[in-house]
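**Student:** Below is the file protein28.csv, with CSV, C-alpha atoms and all ligand atoms.
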```
chain,number,residue,atom,x,y,z
A,1,SER,CA,18.2,68.4,155.7
A,2,ASP,CA,17.6,71.8,154.2
A,3,ASP,CA,20.4,73.3,156.2
A,4,ASP,CA,22.8,74.7,153.6
A,5,SER,CA,25.1,76.6,155.9
A,6,ASP,CA,28.8,76.6,154.7
A,7,ASP,CA,29.8,74.3,157.6
A,8,ASP,CA,28.4,71.2,156.0
A,9,THR,CA,28.7,72.1,152.4
A,10,ARG,CA,31.0,69.6,150.7
A,11,THR,CA,33.9,71.2,148.8
A,12,ILE,CA,34.9,69.8,145.4
A,13,VAL,CA,38.5,70.0,144.3
A,14,ALA,CA,39.1,69.6,140.6
A,15,GLY,CA,42.2,68.3,138.9
A,16,THR,CA,43.5,68.9,135.4
A,17,ALA,CA,46.6,68.6,133.2
A,18,PRO,CA,47.4,71.9,131.5
A,19,GLY,CA,49.2,72.1,128.1
A,20,PHE,CA,46.1,71.1,126.3
A,21,PRO,CA,44.6,74.3,124.7
A,22,PRO,CA,41.8,75.4,124.5
A,23,PHE,CA,40.6,72.9,127.1
A,24,GLU,CA,43.2,73.7,129.8
A,25,PHE,CA,46.4,75.8,129.6
A,26,ARG,CA,48.4,78.4,131.4
A,27,GLN,CA,48.6,82.0,130.3
A,28,ASP,CA,50.8,84.3,132.4
A,29,GLY,CA,50.6,81.8,135.1
A,30,GLU,CA,46.8,81.7,135.1
A,31,LEU,CA,44.9,78.4,134.5
A,32,LEU,CA,42.4,79.0,131.6
A,33,GLY,CA,40.2,77.0,129.2
A,34,PHE,CA,36.9,75.5,128.2
A,35,ASP,CA,37.2,72.7,130.9
A,36,ILE,CA,38.1,75.2,133.5
A,37,ASP,CA,35.0,77.4,132.9
A,38,LEU,CA,32.7,74.4,132.3
A,39,THR,CA,33.7,72.7,135.5
A,40,GLU,CA,33.2,75.8,137.6
A,41,ALA,CA,29.8,76.5,136.0
A,42,VAL,CA,28.7,72.9,136.6
A,43,ILE,CA,29.8,72.8,140.3
A,44,GLU,CA,28.2,76.2,140.8
A,45,ARG,CA,24.9,74.7,139.8
A,46,SER,CA,25.2,72.0,142.4
A,47,ASP,CA,24.9,72.1,146.2
A,48,TYR,CA,28.6,71.8,146.5
A,49,GLU,CA,31.2,74.5,146.9
A,50,PHE,CA,34.0,74.7,144.4
A,51,GLY,CA,37.4,74.1,146.1
A,52,GLY,CA,39.8,75.2,143.4
A,53,TRP,CA,42.2,73.5,141.0
A,54,GLU,CA,45.2,71.1,141.4
A,55,THR,CA,47.3,70.4,138.3
A,56,PHE,CA,49.1,67.1,137.4
A,57,GLU,CA,50.6,65.3,134.5
A,58,PHE,CA,47.8,63.6,132.6
A,59,ASP,CA,48.7,60.1,133.7
A,60,SER,CA,48.7,61.1,137.4
A,61,LEU,CA,45.1,62.3,137.4
A,62,ILE,CA,43.5,58.9,137.9
A,63,PRO,CA,45.8,58.1,140.9
A,64,ALA,CA,45.2,61.6,142.3
A,65,LEU,CA,41.4,61.0,142.1
A,66,GLN,CA,41.7,57.5,143.7
A,67,ASN,CA,43.9,58.9,146.5
A,68,GLY,CA,41.3,61.6,147.3
A,69,ASN,CA,43.7,64.4,146.4
A,70,ILE,CA,41.0,65.6,144.0
A,71,ASP,CA,37.3,64.9,143.6
A,72,VAL,CA,36.8,65.4,139.9
A,73,ILE,CA,39.0,65.1,136.8
A,74,ALA,CA,38.4,67.8,134.2
A,75,ALA,CA,41.0,67.2,131.5
A,76,ALA,CA,39.3,66.5,128.2
A,77,MET,CA,39.5,62.8,129.3
A,78,THR,CA,38.1,60.3,126.8
A,79,ILE,CA,35.5,58.0,128.3
A,80,GLU,CA,37.2,54.6,127.8
A,81,ASP,CA,36.3,51.1,129.0
A,82,GLU,CA,39.9,50.6,130.3
A,83,ARG,CA,39.5,53.8,132.4
A,84,ARG,CA,36.0,52.8,133.5
A,85,GLU,CA,37.6,49.9,135.3
A,86,GLN,CA,39.2,52.4,137.6
A,87,ILE,CA,36.9,55.4,137.7
A,88,ALA,CA,33.4,56.5,136.9
A,89,PHE,CA,32.6,59.1,134.3
A,90,SER,CA,29.9,61.8,134.0
A,91,ASP,CA,27.8,62.0,130.8
A,92,ALA,CA,29.8,63.0,127.8
A,93,TYR,CA,30.4,66.7,127.3
A,94,TYR,CA,32.5,67.0,124.1
A,95,GLU,CA,33.3,64.8,121.1
A,96,ALA,CA,36.6,64.6,119.3
A,97,ASP,CA,38.7,62.5,116.9
A,98,GLN,CA,42.5,62.3,116.7
A,99,SER,CA,44.7,64.1,114.2
A,100,VAL,CA,48.2,64.1,112.9
A,101,LEU,CA,50.0,67.4,113.3
A,102,VAL,CA,53.1,68.3,111.2
A,103,ARG,CA,55.3,71.3,110.6
A,104,SER,CA,53.8,73.8,108.2
A,105,ASP,CA,56.9,73.8,106.1
A,106,ASP,CA,56.7,70.0,105.6
A,107,ASP,CA,57.0,69.8,101.8
A,108,ASP,CA,55.7,66.2,101.7
A,109,LEU,CA,52.5,66.2,103.9
A,110,PRO,CA,51.5,62.7,105.1
A,111,GLN,CA,48.0,61.9,104.1
A,112,SER,CA,47.5,58.5,105.8
A,113,ARG,CA,48.9,56.5,108.7
A,114,GLU,CA,51.1,54.6,106.2
A,115,ASP,CA,52.7,57.8,105.1
A,116,LEU,CA,54.1,58.2,108.7
A,117,SER,CA,56.7,55.5,108.0
A,118,GLY,CA,60.1,57.0,108.6
A,119,SER,CA,58.7,59.7,110.9
A,120,ILE,CA,59.4,60.3,114.6
A,121,VAL,CA,56.0,60.6,116.2
A,122,GLY,CA,55.2,62.2,119.5
A,123,ALA,CA,52.2,62.1,122.0
A,124,GLN,CA,51.5,62.9,125.6
A,125,GLY,CA,52.0,59.8,127.9
A,126,GLY,CA,48.8,58.0,128.9
A,127,THR,CA,46.6,59.6,126.3
A,128,THR,CA,44.5,58.1,123.5
A,129,GLY,CA,46.9,59.9,121.2
A,130,GLU,CA,49.7,57.7,122.6
A,131,ASN,CA,47.4,54.7,121.9
A,132,GLU,CA,47.3,55.7,118.2
A,133,VAL,CA,51.1,55.9,118.1
A,134,ASP,CA,51.2,52.4,119.6
A,135,ARG,CA,48.9,51.3,116.8
A,136,LEU,CA,51.4,52.6,114.3
A,137,ILE,CA,54.0,50.5,116.0
A,138,ASP,CA,51.8,47.4,116.2
A,139,ASP,CA,51.0,47.8,112.5
A,140,GLY,CA,54.7,47.9,111.6
A,141,ILE,CA,54.5,51.5,110.3
A,142,ILE,CA,57.1,52.9,112.7
A,143,PRO,CA,59.5,51.2,115.1
A,144,GLU,CA,59.1,51.6,118.8
A,145,SER,CA,62.3,53.7,118.8
A,146,ASP,CA,60.6,56.4,116.7
A,147,LYS,CA,57.9,57.1,119.4
A,148,ASN,CA,58.5,60.1,121.6
A,149,VAL,CA,56.5,60.5,124.8
A,150,TYR,CA,56.0,63.9,126.4
A,151,ASP,CA,54.7,65.1,129.8
A,152,ASN,CA,52.3,67.4,128.1
A,153,TYR,CA,51.2,68.3,124.5
A,154,THR,CA,52.6,71.8,124.5
A,155,LEU,CA,56.1,70.3,124.8
A,156,ALA,CA,55.3,67.9,122.0
A,157,ALA,CA,54.0,70.6,119.7
A,158,THR,CA,57.0,72.8,120.4
A,159,ASP,CA,59.4,69.9,119.7
A,160,LEU,CA,57.6,69.4,116.4
A,161,GLU,CA,57.8,73.1,115.5
A,162,ASN,CA,61.6,73.0,116.4
A,163,GLY,CA,62.1,70.1,114.0
A,164,ASN,CA,63.1,67.5,116.7
A,165,ILE,CA,60.2,65.2,115.7
A,166,ASP,CA,58.1,64.9,112.5
A,167,ALA,CA,54.5,64.5,113.7
A,168,VAL,CA,52.3,64.6,116.8
A,169,VAL,CA,49.1,62.6,117.3
A,170,VAL,CA,46.7,64.7,119.3
A,171,ASP,CA,42.9,65.4,119.7
A,172,VAL,CA,41.6,67.5,116.8
A,173,PRO,CA,40.5,70.6,118.7
A,174,VAL,CA,43.9,70.9,120.3
A,175,ALA,CA,45.7,70.3,117.0
A,176,ARG,CA,43.7,73.2,115.5
A,177,THR,CA,44.6,75.5,118.4
A,178,PHE,CA,48.3,74.6,118.0
A,179,SER,CA,48.1,75.3,114.3
A,180,GLU,CA,46.9,78.9,115.1
A,181,ASP,CA,49.7,79.6,117.5
A,182,LEU,CA,52.7,77.6,116.1
A,183,ALA,CA,54.1,76.9,112.7
A,184,VAL,CA,52.3,73.5,112.6
A,185,GLU,CA,49.3,72.2,110.7
A,186,VAL,CA,46.9,69.3,110.7
A,187,ALA,CA,47.9,66.8,108.0
A,188,PHE,CA,45.0,64.4,108.4
A,189,GLU,CA,42.6,63.1,111.0
A,190,ILE,CA,42.1,59.7,112.4
A,191,GLU,CA,38.4,59.0,113.2
A,192,THR,CA,38.2,57.7,116.7
A,193,GLY,CA,34.8,59.1,117.8
A,194,GLU,CA,36.0,59.9,121.3
A,195,GLU,CA,33.7,61.5,124.0
A,196,TYR,CA,35.1,63.4,126.9
A,197,GLY,CA,33.7,63.0,130.4
A,198,PHE,CA,34.5,64.2,133.9
A,199,GLY,CA,36.2,61.5,136.0
A,200,ILE,CA,34.8,60.8,139.4
A,201,ARG,CA,35.5,58.1,142.0
A,202,GLN,CA,33.3,55.0,141.5
A,203,ASP,CA,31.9,55.2,145.0
A,204,ASP,CA,31.0,58.8,144.6
A,205,GLU,CA,27.6,58.3,142.9
A,206,GLU,CA,26.3,61.5,144.5
A,207,LEU,CA,28.9,63.6,142.7
A,208,VAL,CA,28.3,61.8,139.4
A,209,ALA,CA,24.6,62.6,139.7
A,210,ALA,CA,25.3,66.3,140.7
A,211,VAL,CA,27.7,66.8,137.8
A,212,ASN,CA,25.2,65.2,135.3
A,213,ASP,CA,22.5,67.5,136.6
A,214,GLY,CA,24.8,70.5,136.4
A,215,LEU,CA,25.8,69.6,132.8
A,216,GLU,CA,22.1,69.4,131.9
A,217,ALA,CA,21.5,72.8,133.5
A,218,VAL,CA,24.3,74.6,131.8
A,219,THR,CA,23.2,73.1,128.5
A,220,ASP,CA,19.6,74.2,129.0
A,221,ASP,CA,20.4,77.7,130.0
A,222,GLY,CA,22.8,78.4,127.1
A,223,THR,CA,26.0,78.5,129.2
A,224,TYR,CA,27.5,75.5,127.4
A,225,ASN,CA,27.0,77.1,124.0
A,226,ASP,CA,28.4,80.4,125.2
A,227,LEU,CA,31.5,78.6,126.4
A,228,VAL,CA,31.8,76.7,123.1
A,229,ALA,CA,31.6,80.0,121.2
A,230,GLU,CA,34.2,81.6,123.5
A,231,TRP,CA,36.8,78.8,123.3
A,232,PHE,CA,36.3,77.2,119.9
A,233,GLU,CA,35.1,79.8,117.4
A,301,LIG,N1,41.4,62.9,125.1
A,301,LIG,C1,42.7,62.3,125.3
A,301,LIG,C2,42.6,61.2,126.3
A,301,LIG,O1,41.7,61.2,127.1
A,301,LIG,C3,43.7,63.4,125.6
A,301,LIG,C4,43.5,64.1,126.9
A,301,LIG,C5,44.7,64.9,127.4
A,301,LIG,N2,44.2,65.9,128.3
A,301,LIG,C6,45.1,66.8,128.9
A,301,LIG,N3,44.5,67.6,129.7
A,301,LIG,N4,46.3,66.8,128.7
A,301,LIG,O2,43.5,60.5,126.4
```
Go ahead and express the file in the form of structure tokens.
**Tutor:**
Amino acid sequence: SDDDSDDDTRTIVAGTAPGFPPFEFRQDGELLGFDIDLTEAVIERSDYEFGGWETFEFDSLIPALQNGNIDVIAAAMTIEDERREQIAFSDAYYEADQSVLVRSDDDDLPQSREDLSGSIVGAQGGTTGENEVDRLIDDGIIPESDKNVYDNYTLAATDLENGNIDAVVVDVPVARTFSEDLAVEVAFEIETGEEYGFGIRQDDEELVAAVNDGLEAVTDDGTYNDLVAEWFE
């Protein structure tokens, strides 16, 4: 029907996991970032109403989506086959590799994965960065006991800056942001060719289509590029 009165407009609640600047983070209690602005712009382009944000630890986002606590995940989430078994993804909206972050005063910068031998390495639980730490363990470069898992990446980066751990594996754009704000720097990158997508319930094909249409609209009208300029340059 062409009745778009507020009564039958579906409301979309978005979920994210802050502590991942510049995609999603808190500043003076306010939730900010590229994903926050992009999600709101995309939903505004649809026939849905935006119903606000709920925050979770990253590894609780997929359960929250499946439980119906949220309708869309906007958390710089990499589109992965394993996750695709549980949820659907929108079209990709950002590309990133992994990187190894170390303290700026590290006098012997690691240049390869092998150089991380002897290091305590951190990552956020449930992320592709954690998968890379697990690969270091599988390849015999570090023992399982030298892996530190954090509830969010801001905690990991702070622990690195404080000297409690030696390295953090995290998505490149986030590592660059931490290196501007903390005494840490990117030692080297690990090419993973990841693509971020919005996570949506598998049976919610209508929302997948609306989000993809919205992404196309914000790309075509320049909003996407404006947000990239605002948050990454
Ligand atoms: N891209 C990585 C992944 O999908 C890390 C995402 C972490 N996102 C966050 N909001 N903390 O596993």
**Student:** Taking all atoms listed in the file into account, which residues have an atom no farther than 7 Å from ligand LIG 301 (chain A)? I'd like them as a ChimeraX atom specification.
**Tutor:** /A:16-20,24,58,75-78,126-129,152-153,171,196
**Student:** Using only C-alpha atoms, can you tell me which of A:Ala167, A:Ala92, A:Ala183, A:Ile87 comes closest to Gln111 (chain A)?
**Tutor:**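 Once distances to Gln111 (chain A) are computed over only C-alpha atoms, the minimum belongs to A:Ala167.
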**Student:** Using only C-alpha atoms, which residue out of A:Glu216, A:Glu233, A:Asp221, A:Asp203 lies closest to Gln66 (chain A)?
**Tutor:**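 With only C-alpha atoms as the atom set, the closest residue is A:Asp203.
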**Student:** Please compute the CA of Leu136 (chain A)-CA of Arg113 (chain A) distance, one decimal, in Å.
**Tutor:** 7.3 Å
**Student:** Using all atoms listed in the file, which protein or nucleic acid residues come within 8 Å of Glu194 (chain A)? Drop anything in the same chain fewer than 2 positions from it, and give the result as a list of chain:residue names.
**Tutor:**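 The neighbour list is A:Thr78, A:Ile79, A:Glu95, A:Ala96, A:Asp97, A:Thr192, A:Tyr196.
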**Student:** Kindly give the distance, in Å, that separates CA of Glu80 (chain A) and CA of Glu49 (chain A), rounded to a single decimal.
**Tutor:**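 One can read the CA of Glu80 (chain A) to CA of Glu49 (chain A) distance as 28.2 Å.
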**Student:** CA of Ser117 (chain A) to CA of Ile141 (chain A): how many Å, to one decimal?
**Tutor:**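 Value for the CA of Ser117 (chain A)-CA of Ile141 (chain A) distance: 5.1 Å.
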**Student:** Can you tell me, as a ChimeraX atom specification, what residues are no more than 12 Å from Asp106 (chain A) when counting all atoms listed in the file, ignoring any on the same chain fewer than 6 positions away?
**Tutor:** /A:119,160-161,163,165-167,183-187
**Student:** Pick the closest to Tyr94 (chain A) from A:Ala175, A:Thr9, A:Gly214, A:Ala74: which is it, counting all atoms listed in the file?
**Tutor:**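 Checking each of A:Ala175, A:Thr9, A:Gly214, A:Ala74 against Tyr94 (chain A), counting all atoms listed in the file, the winner is A:Ala74.
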**Student:** For Pro110 (chain A), which of A:Phe188, A:Ser179, A:Glu130, A:Glu85 is the closest residue, counting all atoms listed in the file?
**Tutor:** A:Phe188
**Student:** When you count all atoms listed in the file, which of these residues is closest to Glu195 (chain A): A:Glu54, A:Asp138, A:Asp81, A:Asp47?
**Tutor:**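 Selected residue with least distance to Glu195 (chain A): A:Asp81.
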**Student:** Tell me which of A:Glu189, A:Glu144, A:Glu205, A:Asp213 sits closest to Leu101 (chain A), counting all atoms listed in the file.
**Tutor:** A:Glu189
**Student:** Set the distance at 8 Å and use all atoms listed in the file: which residues neighbour Val169 (chain A) once local chain neighbours fewer than 4 positions away are removed? I'd like the list as an mmCIF file with C-alpha atoms, keeping the file's coordinate frame.
**Tutor:**
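For reference, part17.cif as written:
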```cif
data_model
loop_
_atom_site.group_PDB
_atom_site.id
_atom_site.type_symbol
_atom_site.label_atom_id
_atom_site.label_comp_id
_atom_site.auth_asym_id
_atom_site.auth_seq_id
_atom_site.Cartn_x
_atom_site.Cartn_y
_atom_site.Cartn_z
ATOM 1 C CA GLN A 98 42.500 62.300 116.700
ATOM 2 C CA SER A 99 44.700 64.100 114.200
ATOM 3 C CA VAL A 100 48.200 64.100 112.900
ATOM 4 C CA LEU A 101 50.000 67.400 113.300
ATOM 5 C CA VAL A 121 56.000 60.600 116.200
ATOM 6 C CA GLY A 122 55.200 62.200 119.500
ATOM 7 C CA ALA A 123 52.200 62.100 122.000
ATOM 8 C CA GLY A 129 46.900 59.900 121.200
ATOM 9 C CA GLU A 130 49.700 57.700 122.600
ATOM 10 C CA GLU A 132 47.300 55.700 118.200
ATOM 11 C CA VAL A 133 51.100 55.900 118.100
#
```
